[in-house]
>>> print(open('query39.cif').read())   # mmCIF, C-alpha atoms and all ligand atoms
data_upload
#
loop_
_atom_site.label_atom_id
_atom_site.label_comp_id
_atom_site.auth_asym_id
_atom_site.auth_seq_id
_atom_site.Cartn_x
_atom_site.Cartn_y
_atom_site.Cartn_z
CA MET R 29 -0.65 -59.03 7.44
CA GLN R 30 2.12 -57.76 5.24
CA SER R 31 2.84 -54.90 2.87
CA SER R 32 5.62 -54.02 0.46
CA TRP R 33 6.41 -50.70 -1.20
CA ARG R 34 9.12 -49.19 -3.38
CA SER R 35 9.62 -45.52 -2.61
CA PRO R 36 12.10 -43.16 -4.29
CA SER R 37 14.51 -40.61 -2.94
CA ASN R 38 14.08 -36.95 -3.93
CA ILE R 39 16.24 -33.94 -4.66
CA ALA R 40 15.17 -30.53 -3.40
CA LEU R 41 15.30 -27.47 -5.67
CA ILE R 42 14.20 -25.14 -2.85
CA LYS R 43 15.76 -26.52 0.31
CA TYR R 44 14.15 -27.31 3.64
CA TRP R 45 16.68 -26.40 6.31
CA GLY R 46 15.41 -25.51 9.75
CA LYS R 47 12.28 -26.76 11.47
CA TYR R 48 9.89 -26.17 14.37
CA PRO R 49 8.72 -28.72 16.94
CA GLY R 50 6.47 -31.42 15.49
CA GLN R 51 8.61 -31.74 12.37
CA LEU R 52 7.12 -28.58 10.87
CA PRO R 53 9.27 -26.85 8.27
CA ALA R 54 10.57 -23.31 8.75
CA ASN R 55 10.02 -22.72 5.02
CA ALA R 56 8.29 -24.42 2.11
CA SER R 57 10.41 -26.67 -0.11
CA LEU R 58 10.08 -28.12 -3.59
CA SER R 59 11.68 -31.28 -4.96
CA TYR R 60 11.86 -33.65 -7.87
CA THR R 61 11.12 -37.21 -6.90
CA LEU R 62 13.76 -39.54 -8.32
CA SER R 63 13.36 -42.95 -9.82
CA ALA R 64 16.52 -45.13 -9.86
CA SER R 65 17.44 -44.24 -6.26
CA HIS R 66 14.81 -45.95 -4.17
CA THR R 67 14.16 -48.17 -1.16
CA ASP R 68 12.15 -51.40 -1.20
CA THR R 69 10.57 -52.20 2.15
CA THR R 70 8.40 -55.06 3.34
CA VAL R 71 6.71 -55.09 6.73
CA ARG R 72 5.32 -58.40 8.00
CA ASN R 73 3.47 -59.24 11.15
CA GLU R 74 5.08 -62.41 12.42
CA GLY R 75 2.85 -63.05 15.41
CA LYS R 76 1.74 -61.57 18.71
CA THR R 77 3.91 -60.25 21.51
CA GLY R 78 1.31 -61.22 24.11
CA THR R 79 1.57 -57.70 25.62
CA ARG R 80 0.28 -54.24 24.72
CA ASP R 81 3.67 -53.34 23.32
CA PHE R 82 4.84 -54.04 19.84
CA ARG R 83 8.15 -55.48 18.77
CA ILE R 84 10.13 -54.36 15.73
CA ARG R 85 13.14 -55.93 14.09
CA LEU R 86 14.80 -54.37 11.07
CA PHE R 87 16.85 -56.17 8.42
CA LEU R 88 18.86 -54.36 5.75
CA ASP R 89 19.67 -56.72 2.88
CA GLY R 90 18.85 -59.65 5.15
CA GLN R 91 21.19 -58.52 7.97
CA ALA R 92 19.69 -57.57 11.34
CA ARG R 93 20.33 -53.85 11.98
CA PRO R 94 19.35 -53.04 15.56
CA ASP R 95 21.23 -49.74 15.12
CA PHE R 96 18.37 -48.46 12.87
CA GLU R 97 15.69 -49.32 15.38
CA PRO R 98 15.91 -46.18 17.59
CA LYS R 99 15.06 -44.01 14.53
CA ILE R 100 12.04 -46.21 13.85
CA GLN R 101 10.98 -46.14 17.50
CA GLN R 102 11.22 -42.34 17.44
CA PHE R 103 9.10 -42.25 14.28
CA LEU R 104 6.44 -44.51 15.84
CA ALA R 105 6.46 -42.46 19.04
CA ARG R 106 5.76 -39.35 16.93
CA LEU R 107 2.84 -41.16 15.27
CA GLY R 108 1.32 -41.41 18.76
CA PRO R 109 -2.19 -42.91 18.90
CA GLU R 110 -2.15 -43.31 15.09
CA ALA R 111 0.20 -46.25 15.68
CA ASP R 112 -2.11 -47.94 18.19
CA PHE R 113 -3.08 -50.58 15.63
CA LEU R 114 0.47 -51.94 16.00
CA ARG R 115 0.00 -52.81 19.67
CA GLY R 116 0.67 -56.45 20.42
CA LEU R 117 2.23 -57.11 16.99
CA ASP R 118 5.63 -58.62 16.30
CA LEU R 119 6.86 -56.87 13.17
CA ARG R 120 9.71 -57.70 10.86
CA ILE R 121 10.88 -54.97 8.47
CA ASP R 122 13.02 -55.96 5.49
CA THR R 123 14.58 -53.15 3.55
CA HIS R 124 16.87 -52.75 0.58
CA ASN R 125 18.26 -49.60 -1.04
CA SER R 126 18.93 -49.55 -4.79
CA PHE R 127 22.00 -47.41 -4.08
CA PRO R 128 24.91 -48.61 -1.94
CA HIS R 129 24.17 -47.92 1.72
CA SER R 130 27.49 -46.17 2.22
CA SER R 131 27.19 -44.08 -0.96
CA GLY R 132 26.44 -40.89 0.91
CA ILE R 133 22.95 -40.77 -0.66
CA ALA R 134 20.53 -40.06 2.16
CA SER R 135 18.27 -43.07 2.55
CA SER R 136 15.95 -41.31 5.00
CA ALA R 137 13.56 -39.85 2.37
CA SER R 138 13.12 -43.12 0.49
CA GLY R 139 13.39 -45.34 3.57
CA LEU R 140 10.94 -43.51 5.79
CA SER R 141 8.42 -42.89 3.02
CA ALA R 142 8.52 -46.61 2.13
CA LEU R 143 8.00 -47.50 5.78
CA ALA R 144 5.13 -45.02 6.19
CA LEU R 145 3.39 -46.46 3.11
CA CYS R 146 3.77 -50.05 4.40
CA LEU R 147 2.48 -49.16 7.87
CA LEU R 148 -0.51 -47.27 6.52
CA ASP R 149 -1.26 -50.21 4.28
CA LEU R 150 -1.15 -52.49 7.35
CA ARG R 151 -3.53 -50.19 9.20
CA GLN R 152 -5.89 -50.40 6.25
CA GLN R 153 -5.67 -54.22 6.31
CA ALA R 154 -6.19 -54.31 10.09
CA SER R 155 -9.30 -52.12 9.94
CA GLY R 156 -10.70 -53.60 6.73
CA LYS R 157 -11.58 -50.00 5.74
CA GLU R 158 -10.03 -48.12 2.88
CA GLU R 159 -8.02 -45.10 4.09
CA GLU R 160 -9.39 -41.84 2.75
CA ASP R 161 -6.56 -39.85 1.15
CA PHE R 162 -4.08 -42.71 1.43
CA PHE R 163 -1.13 -40.76 0.00
CA ARG R 164 -1.89 -37.61 1.95
CA THR R 165 -1.83 -39.58 5.21
CA ALA R 166 1.28 -41.44 4.05
CA SER R 167 2.98 -38.09 3.42
CA HIS R 168 1.94 -36.85 6.85
CA TRP R 169 3.32 -40.01 8.47
CA ALA R 170 6.53 -39.95 6.42
CA ARG R 171 7.10 -36.34 7.53
CA LEU R 172 7.16 -37.51 11.14
CA GLY R 173 10.01 -39.87 10.23
CA SER R 174 12.01 -37.39 8.15
CA GLY R 175 10.77 -34.06 6.77
CA SER R 176 12.01 -34.58 3.23
CA ALA R 177 10.37 -38.06 3.18
CA SER R 178 6.96 -36.33 3.07
CA ARG R 179 7.79 -35.27 -0.51
CA SER R 180 8.68 -38.78 -1.74
CA VAL R 181 5.12 -40.12 -1.80
CA TYR R 182 4.30 -38.25 -5.03
CA GLY R 183 6.09 -37.44 -8.26
CA PRO R 184 7.53 -35.87 -10.25
CA LEU R 185 7.51 -32.40 -8.63
CA VAL R 186 6.35 -32.04 -5.04
CA LEU R 187 5.71 -29.15 -2.69
CA TRP R 188 5.83 -29.34 1.09
CA GLY R 189 5.18 -26.43 3.44
CA ARG R 190 2.78 -23.53 3.58
CA HIS R 191 3.39 -20.82 1.02
CA SER R 192 1.09 -17.93 0.16
CA ALA R 193 1.50 -18.44 -3.60
CA PHE R 194 -0.03 -21.95 -3.35
CA ALA R 195 -3.43 -22.05 -1.68
CA GLU R 196 -3.39 -25.85 -1.18
CA SER R 197 0.10 -25.94 0.38
CA ASN R 198 0.46 -27.29 3.88
CA ASP R 199 3.08 -27.74 6.59
CA THR R 200 1.83 -31.15 7.67
CA TYR R 201 1.94 -33.02 4.36
CA ALA R 202 3.31 -32.60 0.85
CA ILE R 203 1.22 -32.18 -2.31
CA PRO R 204 1.92 -32.78 -6.01
CA TYR R 205 3.08 -29.47 -7.50
CA PRO R 206 -0.22 -27.66 -7.99
CA ASP R 207 0.76 -25.02 -10.56
CA GLU R 208 1.37 -24.94 -14.27
CA LEU R 209 4.53 -26.70 -15.40
CA HIS R 210 6.17 -25.96 -18.73
CA PRO R 211 6.65 -29.21 -20.69
CA SER R 212 10.43 -28.75 -20.58
CA PHE R 213 10.23 -29.42 -16.82
CA ASN R 214 8.00 -32.49 -17.01
CA GLN R 215 11.08 -34.63 -16.82
CA VAL R 216 14.66 -33.89 -15.77
CA GLY R 217 17.80 -35.99 -15.73
CA ASP R 218 19.82 -36.25 -12.51
CA CYS R 219 23.31 -37.69 -12.63
CA ILE R 220 24.49 -38.10 -9.03
CA LEU R 221 28.25 -37.88 -8.59
CA LEU R 222 29.24 -39.89 -5.53
CA VAL R 223 32.11 -37.63 -4.53
CA GLU R 224 32.31 -38.94 -1.01
CA GLN R 225 31.04 -42.31 0.07
CA GLY R 226 30.42 -43.04 3.72
CA GLN R 227 28.66 -41.59 6.72
CA LYS R 228 28.55 -37.78 6.74
CA SER R 229 30.12 -36.04 9.69
CA VAL R 230 27.07 -34.02 10.79
CA SER R 231 23.54 -35.47 10.54
CA SER R 232 20.61 -33.56 9.02
CA SER R 233 18.89 -33.51 12.43
CA ALA R 234 21.90 -31.78 13.96
CA GLY R 235 22.01 -29.38 10.99
CA HIS R 236 18.34 -28.42 11.37
CA ARG R 237 18.95 -27.77 15.08
CA LEU R 238 21.80 -25.42 14.26
CA MET R 239 19.33 -23.17 12.43
CA GLU R 240 17.78 -22.40 15.82
CA GLY R 241 19.32 -19.12 16.85
CA HIS R 242 21.38 -18.95 13.63
CA ALA R 243 22.25 -15.32 12.87
CA PHE R 244 20.89 -15.60 9.29
CA ALA R 245 17.96 -17.94 9.96
CA GLU R 246 15.09 -15.46 9.51
CA ALA R 247 16.60 -13.96 6.37
CA ARG R 248 17.11 -17.44 4.95
CA PHE R 249 13.52 -18.55 5.63
CA GLN R 250 12.24 -15.42 3.91
CA GLN R 251 14.60 -15.87 1.01
CA ALA R 252 13.45 -19.47 0.52
CA GLY R 253 9.86 -18.20 0.26
CA GLN R 254 10.85 -15.54 -2.27
CA ASN R 255 12.87 -18.07 -4.26
CA LEU R 256 9.86 -20.38 -4.41
CA SER R 257 7.65 -17.55 -5.73
CA ALA R 258 10.26 -16.77 -8.38
CA LEU R 259 10.64 -20.44 -9.27
CA LYS R 260 6.89 -20.73 -9.77
CA GLU R 261 7.14 -18.24 -12.65
CA ILE R 262 10.28 -19.91 -14.02
CA LEU R 263 8.58 -23.33 -14.06
CA ARG R 264 5.67 -21.85 -15.99
CA ALA R 265 7.89 -20.11 -18.47
CA GLY R 266 10.22 -23.08 -19.07
CA ASP R 267 13.36 -21.01 -18.51
CA TRP R 268 16.19 -23.50 -17.90
CA GLU R 269 18.80 -20.83 -17.31
CA ALA R 270 16.80 -19.12 -14.56
CA PHE R 271 15.91 -22.54 -13.14
CA GLY R 272 19.54 -23.61 -13.00
CA THR R 273 20.69 -20.35 -11.46
CA MET R 274 18.07 -20.75 -8.74
CA LEU R 275 19.13 -24.35 -8.19
CA GLU R 276 22.79 -23.51 -7.70
CA SER R 277 22.06 -20.52 -5.51
CA GLU R 278 19.83 -22.64 -3.23
CA ALA R 279 22.51 -25.35 -2.96
CA LEU R 280 25.28 -22.92 -2.08
CA THR R 281 23.05 -21.07 0.38
CA LEU R 282 22.26 -24.36 2.17
CA HIS R 283 25.98 -24.97 2.60
CA ALA R 284 26.58 -21.35 3.54
CA MET R 285 24.12 -21.87 6.42
CA MET R 286 26.25 -24.78 7.63
CA MET R 287 29.45 -22.80 7.29
CA SER R 288 28.02 -19.89 9.27
CA SER R 289 26.32 -21.84 12.07
CA LYS R 290 27.73 -22.12 15.55
CA PRO R 291 29.52 -24.47 15.65
CA TYR R 292 30.37 -24.14 11.93
CA TYR R 293 31.02 -27.12 9.71
CA LEU R 294 31.70 -28.06 6.12
CA LEU R 295 30.14 -30.94 4.20
CA MET R 296 31.58 -30.08 0.78
CA LYS R 297 34.88 -31.74 -0.09
CA PRO R 298 37.69 -30.43 -2.32
CA ASP R 299 36.35 -32.66 -5.11
CA THR R 300 32.88 -31.12 -4.76
CA LEU R 301 34.43 -27.74 -5.64
CA ARG R 302 36.57 -29.18 -8.41
CA TRP R 303 33.47 -30.61 -10.09
CA ILE R 304 31.55 -27.37 -9.66
CA GLU R 305 34.32 -25.32 -11.23
CA ALA R 306 34.75 -27.80 -14.08
CA LEU R 307 30.99 -27.73 -14.63
CA TRP R 308 30.92 -23.92 -14.81
CA ALA R 309 33.79 -23.92 -17.31
CA TRP R 310 32.12 -26.59 -19.44
CA ARG R 311 28.80 -24.76 -19.38
CA ARG R 312 30.46 -21.54 -20.55
CA GLU R 313 32.19 -23.38 -23.34
CA LYS R 314 29.26 -25.50 -24.56
CA ALA R 315 26.33 -23.27 -23.63
CA LEU R 316 24.37 -26.33 -22.45
CA PRO R 317 21.74 -26.28 -19.67
CA LEU R 318 23.60 -28.35 -17.08
CA TYR R 319 23.35 -27.20 -13.46
CA PHE R 320 24.15 -28.65 -10.05
CA THR R 321 22.52 -28.90 -6.71
CA LEU R 322 23.71 -30.39 -3.41
CA ASP R 323 22.08 -32.22 -0.55
CA ALA R 324 23.41 -32.01 2.98
CA GLY R 325 26.57 -33.80 1.88
CA ALA R 326 29.47 -33.72 -0.57
CA ASN R 327 27.74 -35.44 -3.49
CA ILE R 328 26.68 -33.48 -6.54
CA HIS R 329 23.38 -33.78 -8.37
CA LEU R 330 23.69 -32.67 -11.99
CA LEU R 331 20.31 -31.64 -13.37
CA TYR R 332 19.64 -31.30 -17.10
CA PRO R 333 16.94 -31.77 -19.74
CA PRO R 334 16.84 -35.44 -20.83
CA ASP R 335 17.82 -34.63 -24.43
CA ILE R 336 21.38 -33.64 -23.43
CA GLU R 337 21.96 -36.72 -21.26
CA GLN R 338 24.50 -38.36 -23.55
CA GLU R 339 26.66 -35.24 -23.65
CA VAL R 340 26.47 -34.95 -19.87
CA LEU R 341 27.44 -38.58 -19.35
CA ASN R 342 30.33 -38.28 -21.80
CA TRP R 343 31.58 -35.27 -19.86
CA VAL R 344 31.28 -37.07 -16.51
CA ILE R 345 33.05 -40.16 -17.83
CA ALA R 346 35.85 -38.04 -19.32
CA HIS R 347 36.50 -36.36 -15.93
CA LYS R 348 35.76 -39.31 -13.67
CA GLU R 349 39.27 -40.64 -13.44
CA GLY R 350 41.07 -37.33 -13.14
CA PHE R 351 38.74 -36.37 -10.29
CA GLY R 352 39.00 -39.78 -8.59
CA LEU R 353 35.25 -40.29 -8.76
CA GLY R 354 34.32 -43.76 -7.50
CA ALA R 355 30.86 -43.97 -8.98
CA TYR R 356 27.87 -42.07 -10.26
CA ILE R 357 24.16 -42.85 -10.45
CA ARG R 358 22.22 -42.11 -13.60
CA ASP R 359 18.84 -41.09 -12.31
CA GLN R 360 15.89 -39.01 -13.47
CA SER R 361 12.66 -37.59 -12.15
CA GLY R 362 10.03 -40.24 -11.44
CA LYS R 363 6.37 -40.78 -10.74
CA GLY R 364 6.54 -41.70 -7.05
CA PRO R 365 6.16 -44.89 -5.03
CA ILE R 366 4.73 -48.20 -6.21
CA ARG R 367 3.21 -51.06 -4.26
CA LEU R 368 5.21 -54.25 -4.71
CA GLU R 369 3.65 -57.67 -5.07
CA ILE R 370 5.15 -60.11 -2.59
O1 LIG I 401 14.54 -34.65 5.80
P1 LIG I 401 15.78 -34.28 6.49
O2 LIG I 401 15.54 -33.96 7.93
O3 LIG I 401 16.86 -35.32 6.28
O4 LIG I 401 16.35 -32.92 5.86
C1 LIG I 401 16.72 -32.83 4.52
C2 LIG I 401 17.33 -31.53 4.21
C3 LIG I 401 17.90 -31.36 2.82
O5 LIG I 401 18.03 -32.59 2.14
C4 LIG I 401 19.28 -30.73 2.94
C5 LIG I 401 17.03 -30.41 2.01
C6 LIG I 401 15.73 -30.95 1.51
O6 LIG I 401 14.79 -30.15 1.42
O7 LIG I 401 15.65 -32.14 1.15
#
>>> encode(input="query39.cif", output="structure tokens", more="lines below")
Ligand code: PMV
Amino acid sequence: MQSSWRSPSNIALIKYWGKYPGQLPANASLSYTLSASHTDTTVRNEGKTGTRDFRIRLFLDGQARPDFEPKIQQFLARLGPEADFLRGLDLRIDTHNSFPHSSGIASSASGLSALALCLLDLRQQASGKEEEDFFRTASHWARLGSGSASRSVYGPLVLWGRHSAFAESNDTYAIPYPDELHPSFNQVGDCILLVEQGQKSVSSSAGHRLMEGHAFAEARFQQAGQNLSALKEILRAGDWEAFGTMLESEALTLHAMMMSSKPYYLLMKPDTLRWIEALWAWRREKALPLYFTLDAGANIHLLYPPDIEQEVLNWVIAHKEGFGLGAYIRDQSGKGPIRLEI
């Protein structure tokens, strides 16, 4: 038994920040699935353990990484009886990220969605029965590994979390964006500026926890819901300016939550702000639809319509040296995961 999947990372427009037990989101979120930033994962059964337990070994680029195994054990524990088909198996997981591991790009969305897809595929092979709603179950499983991973199993635009404006929306799995999308949002470019490479100082899990009892938590969860309703209309209308304004406001609000939690912390770096200010100045001067968003880290995602990509890249390259930027990733929205032939 073996299975291999390529699954992409994603970038949230409306941010998920704060959760309830069972990996349930405090508010609905919406993201573009990416394409160049992805994880390739293969899971193989190498034999039997001879017990009721299973064994898992993880290799990143061929190197054993026992340090990743607790996260996987936690994920499998959350799967509960759904993971019973793994009992007695000796599993080897091989994984590779298309982006450098230390680039500061979160690998949890791509990594855990790729793993969920492989495991579900193995369950299908073990039972000999086709899974009903394969991707829906994969999204549900991926969510148990990392909330944002639930959105990576579809593309290009994906909604996760219950919201009254979308009847089909659900807290337990993500769905392809169910509403009308103006053609100008069918595809977006995303140039990721790797402002800071390396491990971030505060993990997402710790950040989510700090929303518990946060003075602004309730207001933020409500605001996220209102922003999603507003974005629904913007996506229909094809209004890039309103879209970009929403994007930047969501990014800065996410970081404002970090800065106002107890204890407070900062994930933006001086260069993050330098790029943002330069971007605002350039946008004023050129009147081009180039906007930024941020993940829980210092890196910047520049979002733009594909037809202005060359101008955006020229601008990035012109500032790269002055701003000491090590690298950037030229990415774009994508269609979601693909099964790999081994
Ligand atoms: O999936 P997690 O637990 O790593 O949380 C991700 C949170 C953000 O990336 C900051 C926002 C989001 O919705 O992706």
>>> closest_atom_pairs(input="query39.cif", of="stretch 117-191 of chain R", to="stretch 32-53 of chain R", cutoff="8 Å", atoms="all atoms listed in the file", output="Markdown table")
| residue | atom | partner | partner_atom | distance |
| --- | --- | --- | --- | --- |
| R:Ala134 | CA | R:Ser37 | CA | 7.9 |
| R:Ser135 | CA | R:Ser37 | CA | 7.1 |
| R:Ala137 | CA | R:Ser37 | CA | 5.4 |
| R:Ser138 | CA | R:Ser37 | CA | 4.5 |
| R:Gly139 | CA | R:Ser35 | CA | 7.2 |
| R:Ser141 | CA | R:Ser35 | CA | 6.3 |
| R:Ala142 | CA | R:Ser35 | CA | 5.0 |
| R:Leu143 | CA | R:Trp33 | CA | 7.8 |
| R:Leu145 | CA | R:Trp33 | CA | 6.8 |
| R:Cys146 | CA | R:Ser32 | CA | 5.9 |
| R:Arg171 | CA | R:Gln51 | CA | 6.8 |
| R:Leu172 | CA | R:Gln51 | CA | 6.1 |
| R:Ser174 | CA | R:Gln51 | CA | 7.8 |
| R:Gly175 | CA | R:Gln51 | CA | 6.4 |
| R:Ser176 | CA | R:Tyr44 | CA | 7.6 |
| R:Ala177 | CA | R:Ser37 | CA | 7.8 |
| R:Arg179 | CA | R:Asn38 | CA | 7.4 |
| R:Ser180 | CA | R:Asn38 | CA | 6.1 |
| R:Val181 | CA | R:Ser35 | CA | 7.1 |
| R:Gly189 | CA | R:Pro53 | CA | 6.3 |
>>> atom_distance(input="query39.cif", atom1="atom CA of R:Ser167", atom2="atom CA of R:Leu107")
12.2 Å
>>> closest_residue(input="query39.cif", among="R:Gly235, R:Gly364, R:Pro298, R:Gly253", to="ligand LIG 401 (chain I)", atoms="only C-alpha atoms and all ligand atoms")
R:Gly235
>>> closest_residue(input="query39.cif", among="R:Thr61, R:Ser289, R:Ser232, R:Ser126", to="R:Leu187", atoms="only C-alpha atoms")
R:Thr61
>>> axis_aligned_box(input="query39.cif", around="ligand LIG 401 (chain I)", padding_each_side="5 Å", output="lines of an AutoDock Vina configuration file")
center_x = 16.9
center_y = -32.7
center_z = 4.5
size_x = 14.7
size_y = 15.2
size_z = 16.8
